[in-house]
Every structure is written in C-alpha cells, then in structure tokens.
$ cat data_23.csv   # CSV, C-alpha atoms
chain,number,residue,atom,x,y,z
A,1,MET,CA,0.0,0.0,0.0
A,2,GLN,CA,1.3,3.4,-1.0
A,3,SER,CA,1.8,6.2,1.5
A,4,LEU,CA,-0.2,9.5,1.1
A,5,GLY,CA,3.1,11.2,0.0
A,6,ASP,CA,3.6,8.7,-2.8
A,7,ARG,CA,0.0,9.0,-3.8
A,8,LEU,CA,0.3,12.8,-4.0
A,9,SER,CA,3.6,12.7,-5.9
A,10,ARG,CA,1.9,10.4,-8.5
A,11,LEU,CA,-0.7,13.2,-8.9
A,12,ARG,CA,2.0,15.9,-9.5
A,13,TRP,CA,0.7,16.2,-13.1
A,14,MET,CA,-2.5,17.8,-11.7
A,15,ALA,CA,-0.5,20.8,-10.6
A,16,VAL,CA,-0.5,22.1,-14.2
A,17,PRO,CA,-4.3,22.2,-14.9
A,18,ILE,CA,-5.0,23.4,-11.3
A,19,ALA,CA,-2.4,26.1,-11.6
A,20,ALA,CA,-3.8,27.2,-15.0
A,21,TYR,CA,-7.3,27.3,-13.5
A,22,LEU,CA,-6.1,29.3,-10.5
A,23,ALA,CA,-4.2,31.7,-12.8
A,24,ILE,CA,-7.3,32.4,-14.9
A,25,THR,CA,-9.9,32.5,-12.1
A,26,LEU,CA,-7.9,34.2,-9.3
A,27,VAL,CA,-4.6,35.7,-10.4
A,28,LEU,CA,-5.8,37.5,-13.5
A,29,PRO,CA,-8.9,39.0,-11.9
A,30,MET,CA,-6.7,40.1,-8.9
A,31,ALA,CA,-4.3,41.8,-11.3
A,32,ASN,CA,-7.4,43.6,-12.7
A,33,GLY,CA,-8.4,44.8,-9.3
A,34,ALA,CA,-11.1,42.3,-8.5
A,35,ALA,CA,-9.7,41.6,-5.0
A,36,THR,CA,-11.3,44.8,-3.8
A,37,ARG,CA,-14.8,43.5,-4.7
A,38,GLY,CA,-16.6,42.2,-1.7
A,39,ASN,CA,-17.6,38.8,-3.1
A,40,PHE,CA,-14.2,38.0,-4.5
A,41,VAL,CA,-12.8,36.4,-1.3
A,42,HIS,CA,-16.0,34.3,-1.1
A,43,HIS,CA,-15.5,33.2,-4.7
A,44,ALA,CA,-11.8,32.5,-4.1
A,45,GLY,CA,-12.6,30.4,-1.1
A,46,TRP,CA,-14.9,28.2,-3.2
A,47,VAL,CA,-12.3,27.9,-6.0
A,48,VAL,CA,-9.6,26.8,-3.5
A,49,ALA,CA,-12.1,24.4,-1.9
A,50,GLY,CA,-12.9,23.0,-5.4
A,51,CYS,CA,-9.2,22.3,-6.0
A,52,VAL,CA,-8.9,20.5,-2.7
A,53,ALA,CA,-12.0,18.5,-3.5
A,54,VAL,CA,-10.8,17.5,-7.0
A,55,LEU,CA,-7.4,16.4,-5.5
A,56,ALA,CA,-9.2,14.4,-2.8
A,57,VAL,CA,-11.4,12.7,-5.4
A,58,ALA,CA,-8.2,11.8,-7.4
A,59,VAL,CA,-6.5,10.4,-4.3
A,60,ILE,CA,-9.6,8.4,-3.2
A,61,GLY,CA,-10.1,7.2,-6.8
A,62,GLY,CA,-6.5,6.0,-7.0
A,63,LEU,CA,-6.9,4.2,-3.6
A,64,VAL,CA,-10.2,2.5,-4.8
A,65,MET,CA,-8.6,1.4,-8.0
A,66,GLU,CA,-5.6,0.0,-6.2
A,67,LEU,CA,-7.8,-1.9,-3.7
A,68,THR,CA,-9.9,-3.2,-6.6
A,69,ARG,CA,-6.9,-4.4,-8.5
A,70,GLY,CA,-5.4,-6.0,-5.4
A,71,GLY,CA,-8.8,-7.8,-4.7
A,72,VAL,CA,-9.0,-9.1,-8.3
A,73,LYS,CA,-5.4,-10.4,-8.1
A,74,ARG,CA,-6.1,-12.1,-4.8
A,75,LEU,CA,-9.3,-13.7,-6.2
A,76,ARG,CA,-7.5,-14.9,-9.4
A,77,ARG,CA,-4.7,-16.4,-7.2
A,78,HIS,CA,-7.2,-18.0,-4.9
A,79,HIS,CA,-9.1,-19.6,-7.9
A,80,GLY,CA,-5.9,-20.6,-9.6
A,81,GLY,CA,-4.8,-22.4,-6.5
A,82,HIS,CA,-7.9,-24.5,-6.3
A,83,SER,CA,-8.2,-25.4,-10.0
B,1,MET,CA,22.3,33.7,-24.2
B,2,ARG,CA,22.6,29.9,-24.7
B,3,PHE,CA,19.5,29.3,-22.6
B,4,LEU,CA,17.6,31.8,-24.8
B,5,ARG,CA,18.8,30.2,-28.0
B,6,GLU,CA,18.0,26.7,-26.8
B,7,HIS,CA,14.6,27.6,-25.5
B,8,ARG,CA,13.5,30.2,-28.0
B,9,TRP,CA,10.5,28.4,-29.3
B,10,GLN,CA,9.3,27.5,-25.8
B,11,LEU,CA,9.7,31.2,-24.7
B,12,ALA,CA,7.9,32.3,-27.9
B,13,ALA,CA,5.1,29.9,-27.2
B,14,LEU,CA,4.8,31.2,-23.6
B,15,VAL,CA,4.6,34.8,-24.8
B,16,VAL,CA,2.0,33.9,-27.5
B,17,ALA,CA,-0.1,31.9,-24.9
B,18,VAL,CA,0.0,34.7,-22.3
B,19,THR,CA,-0.8,37.4,-24.9
B,20,ILE,CA,-3.8,35.4,-26.2
B,21,ILE,CA,-5.0,34.8,-22.6
B,22,VAL,CA,-4.6,38.5,-21.5
B,23,ALA,CA,-6.2,39.8,-24.7
B,24,GLY,CA,-9.0,37.2,-24.5
B,25,LYS,CA,-9.7,38.0,-20.9
B,26,GLN,CA,-9.9,41.8,-21.6
B,27,SER,CA,-12.2,41.4,-24.6
B,28,TYR,CA,-14.4,38.9,-22.8
B,29,ARG,CA,-15.1,41.3,-20.0
B,30,ASN,CA,-17.3,43.5,-22.0
B,31,ALA,CA,-18.4,41.2,-24.8
B,32,SER,CA,-22.0,40.9,-25.7
B,33,ALA,CA,-23.9,37.6,-26.4
B,34,GLY,CA,-23.7,38.3,-30.1
B,35,GLU,CA,-19.9,38.9,-30.0
B,36,LEU,CA,-19.6,35.6,-28.1
B,37,GLY,CA,-21.7,33.8,-30.7
B,38,TRP,CA,-18.7,31.7,-31.9
B,39,ILE,CA,-18.8,29.8,-28.6
B,40,LEU,CA,-22.3,30.5,-27.2
B,41,ALA,CA,-24.2,29.4,-30.4
B,42,PRO,CA,-22.7,25.9,-30.6
B,43,THR,CA,-23.0,25.5,-26.9
B,44,ALA,CA,-26.7,26.4,-27.0
B,45,ARG,CA,-27.3,24.0,-29.9
B,46,LEU,CA,-25.5,21.2,-27.9
B,47,VAL,CA,-27.4,22.0,-24.7
B,48,SER,CA,-30.7,21.9,-26.7
B,49,ALA,CA,-29.8,18.6,-28.2
B,50,VAL,CA,-28.7,16.9,-24.9
B,51,SER,CA,-31.3,18.3,-22.6
B,52,GLY,CA,-34.3,18.4,-25.0
B,53,THR,CA,-34.7,22.1,-24.5
B,54,SER,CA,-35.0,24.7,-27.3
B,55,PHE,CA,-32.7,27.7,-26.9
B,56,VAL,CA,-33.1,30.6,-29.4
B,57,TYR,CA,-31.0,33.7,-29.7
B,58,GLU,CA,-32.4,37.0,-28.4
B,59,ALA,CA,-30.3,40.0,-29.2
B,60,GLY,CA,-28.8,41.7,-26.1
B,61,VAL,CA,-29.7,38.8,-23.8
B,62,GLY,CA,-28.3,35.5,-25.1
B,63,TRP,CA,-29.8,32.2,-25.9
B,64,VAL,CA,-33.1,31.8,-24.2
B,65,ASP,CA,-35.5,28.9,-23.5
B,66,ARG,CA,-38.7,30.5,-22.3
B,67,ASP,CA,-40.2,27.1,-21.3
B,68,ALA,CA,-37.2,26.2,-19.2
B,69,THR,CA,-37.0,29.8,-17.9
B,70,PHE,CA,-33.2,29.6,-18.5
B,71,ILE,CA,-30.8,31.9,-20.3
B,72,ILE,CA,-27.4,31.1,-21.6
B,73,ALA,CA,-25.8,34.5,-21.1
B,74,PRO,CA,-22.3,35.8,-21.9
B,75,ALA,CA,-21.2,34.8,-18.4
B,76,CYS,CA,-22.0,31.2,-19.3
B,77,ALA,CA,-19.8,31.2,-22.3
B,78,GLY,CA,-17.0,29.2,-20.6
B,79,VAL,CA,-14.3,31.5,-21.9
B,80,ASN,CA,-12.4,31.3,-18.6
B,81,PHE,CA,-12.4,27.5,-19.0
B,82,ALA,CA,-11.2,27.8,-22.6
B,83,MET,CA,-8.3,30.0,-21.5
B,84,ALA,CA,-7.4,27.8,-18.6
B,85,ALA,CA,-7.5,24.8,-20.9
B,86,PHE,CA,-5.4,26.6,-23.5
B,87,LEU,CA,-2.8,27.6,-20.8
B,88,ALA,CA,-2.7,24.1,-19.3
B,89,LEU,CA,-2.2,22.4,-22.7
B,90,SER,CA,0.4,24.9,-23.8
B,91,LEU,CA,2.3,24.4,-20.5
B,92,GLY,CA,2.0,20.7,-20.7
B,93,TRP,CA,3.3,20.5,-24.3
B,94,LEU,CA,6.0,23.2,-23.7
B,95,ALA,CA,8.9,20.7,-23.3
B,96,ARG,CA,8.3,19.4,-26.8
B,97,MET,CA,8.2,22.8,-28.5
B,98,ARG,CA,11.7,22.7,-30.0
B,99,THR,CA,11.1,23.8,-33.6
B,100,LEU,CA,9.0,26.5,-35.2
B,101,ARG,CA,6.7,23.9,-36.9
B,102,GLY,CA,6.4,21.8,-33.7
B,103,THR,CA,5.6,24.9,-31.6
B,104,ALA,CA,3.0,26.3,-34.1
B,105,ALA,CA,1.4,22.9,-34.4
B,106,ARG,CA,1.2,22.5,-30.6
B,107,VAL,CA,-0.1,26.0,-29.9
B,108,GLY,CA,-2.7,25.7,-32.6
B,109,GLY,CA,-3.6,22.2,-31.4
B,110,ALA,CA,-3.9,23.5,-27.8
B,111,ALA,CA,-6.3,26.3,-29.0
B,112,ALA,CA,-8.4,23.8,-31.1
B,113,LEU,CA,-8.5,21.2,-28.3
B,114,ALA,CA,-9.4,23.9,-25.7
B,115,TYR,CA,-12.3,25.1,-27.9
B,116,VAL,CA,-13.7,21.6,-28.4
B,117,ALA,CA,-13.2,20.7,-24.7
B,118,THR,CA,-15.0,24.0,-23.7
B,119,LEU,CA,-18.0,23.0,-25.8
B,120,VAL,CA,-18.2,19.6,-24.2
B,121,VAL,CA,-17.5,20.5,-20.6
B,122,ASN,CA,-19.7,23.7,-20.7
B,123,THR,CA,-22.6,21.8,-22.2
B,124,LEU,CA,-22.3,19.2,-19.4
B,125,ARG,CA,-22.2,22.1,-16.8
B,126,ILE,CA,-25.2,23.9,-18.3
B,127,VAL,CA,-27.3,20.7,-18.7
B,128,ILE,CA,-26.7,20.0,-15.0
B,129,ALA,CA,-27.5,23.6,-14.1
B,130,ILE,CA,-30.8,23.2,-16.0
B,131,ALA,CA,-31.6,20.0,-14.1
B,132,LEU,CA,-30.8,21.9,-10.8
B,133,HIS,CA,-33.0,24.8,-11.9
B,134,ARG,CA,-35.9,22.5,-12.9
B,135,GLY,CA,-35.6,20.6,-9.6
B,136,THR,CA,-34.7,17.3,-11.5
B,137,ILE,CA,-31.7,17.2,-9.2
B,138,ASP,CA,-32.9,18.0,-5.7
B,139,VAL,CA,-30.6,20.2,-3.6
B,140,GLY,CA,-33.0,20.6,-0.7
B,141,GLU,CA,-32.6,23.8,1.3
B,142,LEU,CA,-29.3,24.8,-0.2
B,143,ASP,CA,-28.9,28.1,-2.0
B,144,HIS,CA,-29.4,27.5,-5.7
B,145,ALA,CA,-27.0,30.2,-6.7
B,146,GLU,CA,-24.3,28.8,-4.5
B,147,VAL,CA,-24.9,25.2,-5.8
B,148,HIS,CA,-24.6,26.6,-9.3
B,149,ARG,CA,-21.3,28.2,-8.5
B,150,ILE,CA,-19.9,25.0,-6.8
B,151,GLU,CA,-21.1,22.9,-9.7
B,152,GLY,CA,-19.3,25.2,-12.1
B,153,ILE,CA,-16.0,25.0,-10.2
B,154,VAL,CA,-16.1,21.2,-9.8
B,155,ILE,CA,-17.1,20.5,-13.5
B,156,TYR,CA,-14.6,23.0,-14.9
B,157,LEU,CA,-11.7,21.7,-12.7
B,158,GLY,CA,-12.6,18.1,-13.2
B,159,GLY,CA,-12.9,18.7,-17.0
B,160,LEU,CA,-9.6,20.5,-17.0
B,161,CYS,CA,-7.8,17.7,-15.3
B,162,ALA,CA,-9.5,15.1,-17.6
B,163,LEU,CA,-8.5,17.1,-20.7
B,164,TYR,CA,-4.9,17.5,-19.4
B,165,ALA,CA,-4.7,13.7,-18.7
B,166,LEU,CA,-6.0,13.0,-22.2
B,167,ALA,CA,-3.5,15.4,-23.7
B,168,ARG,CA,-0.7,13.7,-21.8
B,169,ALA,CA,-1.9,10.3,-23.0
B,170,ILE,CA,-1.9,11.3,-26.7
B,171,GLU,CA,1.3,13.3,-26.7
B,172,PRO,CA,3.9,10.5,-26.5
B,173,ARG,CA,2.6,9.2,-29.9
B,174,SER,CA,3.5,12.4,-31.6
B,175,HIS,CA,6.9,12.7,-29.8
B,176,HIS,CA,8.8,11.6,-32.9
B,177,ASP,CA,7.1,14.3,-35.0
B,178,ALA,CA,8.1,16.9,-32.4
B,179,VAL,CA,11.8,16.0,-32.5
B,180,ALA,CA,11.9,15.6,-36.3
B,181,GLY,CA,9.6,18.5,-37.1
$ encode --input "data_23.csv" --output "structure tokens"
Amino acid sequence: MQSLGDRLSRLRWMAVPIAAYLAITLVLPMANGAATRGNFVHHAGWVVAGCVAVLAVAVIGGLVMELTRGGVKRLRRHHGGHS
Amino acid sequence: MRFLREHRWQLAALVVAVTIIVAGKQSYRNASAGELGWILAPTARLVSAVSGTSFVYEAGVGWVDRDATFIIAPACAGVNFAMAAFLALSLGWLARMRTLRGTAARVGGAAALAYVATLVVNTLRIVIAIALHRGTIDVGELDHAEVHRIEGIVIYLGGLCALYALARAIEPRSHHDAVAG
C-alpha cells in the first residue's frame, strides 16, 4: 500500500491544470483589481475548496482502483490455487 | 544567451499563450452575447440537443429557452475554462516545443482542443444547471446560486484535469514528430 506522500507525488501532473485554473480565475482577476470587490474572497474560497475536492477525489479514486486491482489479483490467485 | 537560444521556441510559445489569454480576458469582460456567438451558439445547440430544450437567440440577452426559464448568457460562455485549458495544454506541451513547426502545431492544437473541450464541458455544466433549476436534481434547502457556483467550479476543474490527462496520453505518440519537425 502506498503512503499519502507517494499518492500525492503520483498526482503531480495535476498541478499544471490546477495552476492554470487558479491563474485564470484568481490571479488575472486580482491583477485587474477584482480583489477589492466584496464577493471575490468568497469566490476565491470556493475555488480553492474546489481544487482540494478534486485532488481528494483523485487520491480516493486511486486508492479504490488499487484496492480493486489487489482484490481481483487475490481472487485470481485463490481460484488458480484450487483449479 | 545559450538558454535563450536553446529555449527560444518555448519562450515564444509562452509569450504567445500569455498574450492570447490576457487579450482574450480583456475582450471577454465587455463582450455581448452576439460577440460571443462563436462559442455560445454551438453551446446552446449542444445543450438543446442533450437536454431536450430549445434555446433561441435573443439580441442583447443571449440564448433563451422560455419554457425552461433559462438563459445562456455571456457569463455562461466558458471563456475562462477555454483560456485555462489553452494555458494548461500549452504548458503541458512546452517541453516538446523545440522547432517552429512543432511549436506552431502544438499552440494551434492547444487552441483547437481547448475550444472543443469547452463546448463539451460547458454543455455538461449547463445541462446539470438546467436540471438543478428545474428541480430534477434536488438540492434541498441549499442556496441554488451557491450550488450553481460550486457545480461550475467542480465541473470545470474536473474537466480541465481530464483534458490534461487525455493530452498527456496522446502526446507521446507524436513525440517523434516533435523531434523531427
């Protein structure tokens, strides 16, 4: 079983799309003065929460796939031993 | 100097990508529905086909379905997603941009892929938004505007990651072209 650190390092590629999304939705509007608008912090909070949620889904999805693969292998080995 | 010479096409691609994004963002800020027809019209057609609605263009408003009491307005165009997708794809393919031809092909490919992905992901987002609006998807006591905002963030981010993963998967096949081109 992989550690959380290993899992996250395997998802390093996600840094590019997430950084691109943050650049377009937060950095560029901030550069245009959107940070002074009252609802911007609220919006930014949801954007950051969304990034964390998508990462969490990817980590959990990877874990589920690994467990499923392990289970299938064990089942095959079990059946192979008895046949 | 050597760094500049070795990475000139990558730097050029970065400059082109950032210029397109900044210019796109500026023009999108005040664009009308008609000016965004290049992306809103196909989106409205796709949404109509997928959700069984019938969106028609109304000047100054956007694409409207009176029965569904829903408007596909300029804010729904998905231009931010298109720019994020274009940036992500350009950055992802940057390492392979070593020649003029390879760089032009990849920047052009990133723009085309970003456009197609925007139509697909934005259609999905709007179809879900219509279902939320109609109550087909029950959100209980939650604020509908807030749910719509969260739905947008999750669909766009998920779509962006899926698009980037797809681009990474198809890129190695064209590696030989990049080096030779």
$ closest_residue --input "data_23.csv" --among "A:Leu28, A:Asp6, A:Arg12, A:Ala20" --to "Phe86 of chain B" --atoms "only C-alpha atoms"
A:Ala20
$ atom_distance --input "data_23.csv" --atom1 "atom CA of Leu63 of chain A" --atom2 "atom CA of Leu8 of chain A"
11.2 Å
$ closest_residue --input "data_23.csv" --among "A:Asn32, A:Ser9, A:Thr68, A:Gln2" --to "chain B" --atoms "only C-alpha atoms"
A:Asn32
$ atom_distance --input "data_23.csv" --atom1 "atom CA of Val107 of chain B" --atom2 "atom CA of Phe3 of chain B"
21.2 Å
$ closest_atom_pairs --input "data_23.csv" --of "chain A" --to "chain B" --cutoff "9 Å" --atoms "only C-alpha atoms" --output "Markdown table"
| residue | atom | partner | partner_atom | distance |
| --- | --- | --- | --- | --- |
| A:Trp13 | CA | B:Ala165 | CA | 8.2 |
| A:Met14 | CA | B:Cys161 | CA | 6.4 |
| A:Val16 | CA | B:Ala88 | CA | 5.9 |
| A:Pro17 | CA | B:Ala88 | CA | 5.1 |
| A:Ile18 | CA | B:Leu157 | CA | 7.1 |
| A:Ala19 | CA | B:Ala88 | CA | 8.0 |
| A:Ala20 | CA | B:Ala84 | CA | 5.1 |
| A:Tyr21 | CA | B:Ala84 | CA | 5.1 |
| A:Leu22 | CA | B:Ala84 | CA | 8.3 |
| A:Ala23 | CA | B:Ala84 | CA | 7.7 |
| A:Ile24 | CA | B:Ala84 | CA | 5.9 |
| A:Thr25 | CA | B:Asn80 | CA | 7.1 |
| A:Leu28 | CA | B:Val22 | CA | 8.2 |
| A:His43 | CA | B:Arg149 | CA | 8.5 |
| A:Trp46 | CA | B:Ile150 | CA | 6.9 |
| A:Val47 | CA | B:Ile153 | CA | 6.3 |
| A:Gly50 | CA | B:Val154 | CA | 5.7 |
| A:Cys51 | CA | B:Leu157 | CA | 7.2 |
| A:Ala53 | CA | B:Val154 | CA | 8.0 |
| A:Val54 | CA | B:Gly158 | CA | 6.5 |
$ closest_residue --input "data_23.csv" --among "B:Arg2, B:Arg106, B:His133, B:His144" --to "Ala17 of chain B" --atoms "all atoms listed in the file"
B:Arg106
$ residues_near_point --input "data_23.csv" --point "(-35.9, 31.6, -18.1)" --cutoff "12 Å" --atoms "all atoms listed in the file" --output "PyMOL selection string"
chain B and resi 53-56+61-73+130+133-134
$ build_atoms --input "data_23.csv" --residues "segment 126-139 of chain B" --atoms "N, CA and C atoms" --output "mmCIF file, in the frame of the given file"
data_model
loop_
_atom_site.group_PDB
_atom_site.id
_atom_site.type_symbol
_atom_site.label_atom_id
_atom_site.label_comp_id
_atom_site.auth_asym_id
_atom_site.auth_seq_id
_atom_site.Cartn_x
_atom_site.Cartn_y
_atom_site.Cartn_z
ATOM 1 N N ILE B 126 -23.953 23.206 -18.146
ATOM 2 C CA ILE B 126 -25.200 23.900 -18.300
ATOM 3 C C ILE B 126 -26.405 22.889 -18.231
ATOM 4 N N VAL B 127 -26.220 21.689 -18.765
ATOM 5 C CA VAL B 127 -27.300 20.700 -18.700
ATOM 6 C C VAL B 127 -27.551 20.334 -17.197
ATOM 7 N N ILE B 128 -26.487 20.206 -16.406
ATOM 8 C CA ILE B 128 -26.700 20.000 -15.000
ATOM 9 C C ILE B 128 -27.331 21.165 -14.301
ATOM 10 N N ALA B 129 -26.915 22.370 -14.713
ATOM 11 C CA ALA B 129 -27.500 23.600 -14.100
ATOM 12 C C ALA B 129 -29.002 23.662 -14.452
ATOM 13 N N ILE B 130 -29.399 23.236 -15.659
ATOM 14 C CA ILE B 130 -30.800 23.200 -16.000
ATOM 15 C C ILE B 130 -31.585 22.226 -15.142
ATOM 16 N N ALA B 131 -30.960 21.065 -14.935
ATOM 17 C CA ALA B 131 -31.600 20.000 -14.100
ATOM 18 C C ALA B 131 -31.745 20.558 -12.651
ATOM 19 N N LEU B 132 -30.743 21.290 -12.176
ATOM 20 C CA LEU B 132 -30.800 21.900 -10.800
ATOM 21 C C LEU B 132 -31.944 22.923 -10.797
ATOM 22 N N HIS B 133 -32.022 23.724 -11.853
ATOM 23 C CA HIS B 133 -33.000 24.800 -11.900
ATOM 24 C C HIS B 133 -34.440 24.229 -11.995
ATOM 25 N N ARG B 134 -34.600 23.133 -12.743
ATOM 26 C CA ARG B 134 -35.900 22.500 -12.900
ATOM 27 C C ARG B 134 -36.304 21.701 -11.633
ATOM 28 N N GLY B 135 -35.300 21.385 -10.797
ATOM 29 C CA GLY B 135 -35.600 20.600 -9.600
ATOM 30 C C GLY B 135 -35.425 19.082 -9.902
ATOM 31 N N THR B 136 -34.967 18.728 -11.121
ATOM 32 C CA THR B 136 -34.700 17.300 -11.500
ATOM 33 C C THR B 136 -33.663 16.757 -10.509
ATOM 34 N N ILE B 137 -32.668 17.584 -10.212
ATOM 35 C CA ILE B 137 -31.700 17.200 -9.200
ATOM 36 C C ILE B 137 -32.035 18.059 -7.965
ATOM 37 N N ASP B 138 -32.424 17.359 -6.897
ATOM 38 C CA ASP B 138 -32.900 18.000 -5.700
ATOM 39 C C ASP B 138 -31.721 18.453 -4.813
ATOM 40 N N VAL B 139 -31.657 19.741 -4.495
ATOM 41 C CA VAL B 139 -30.600 20.200 -3.600
ATOM 42 C C VAL B 139 -31.113 20.645 -2.253
#
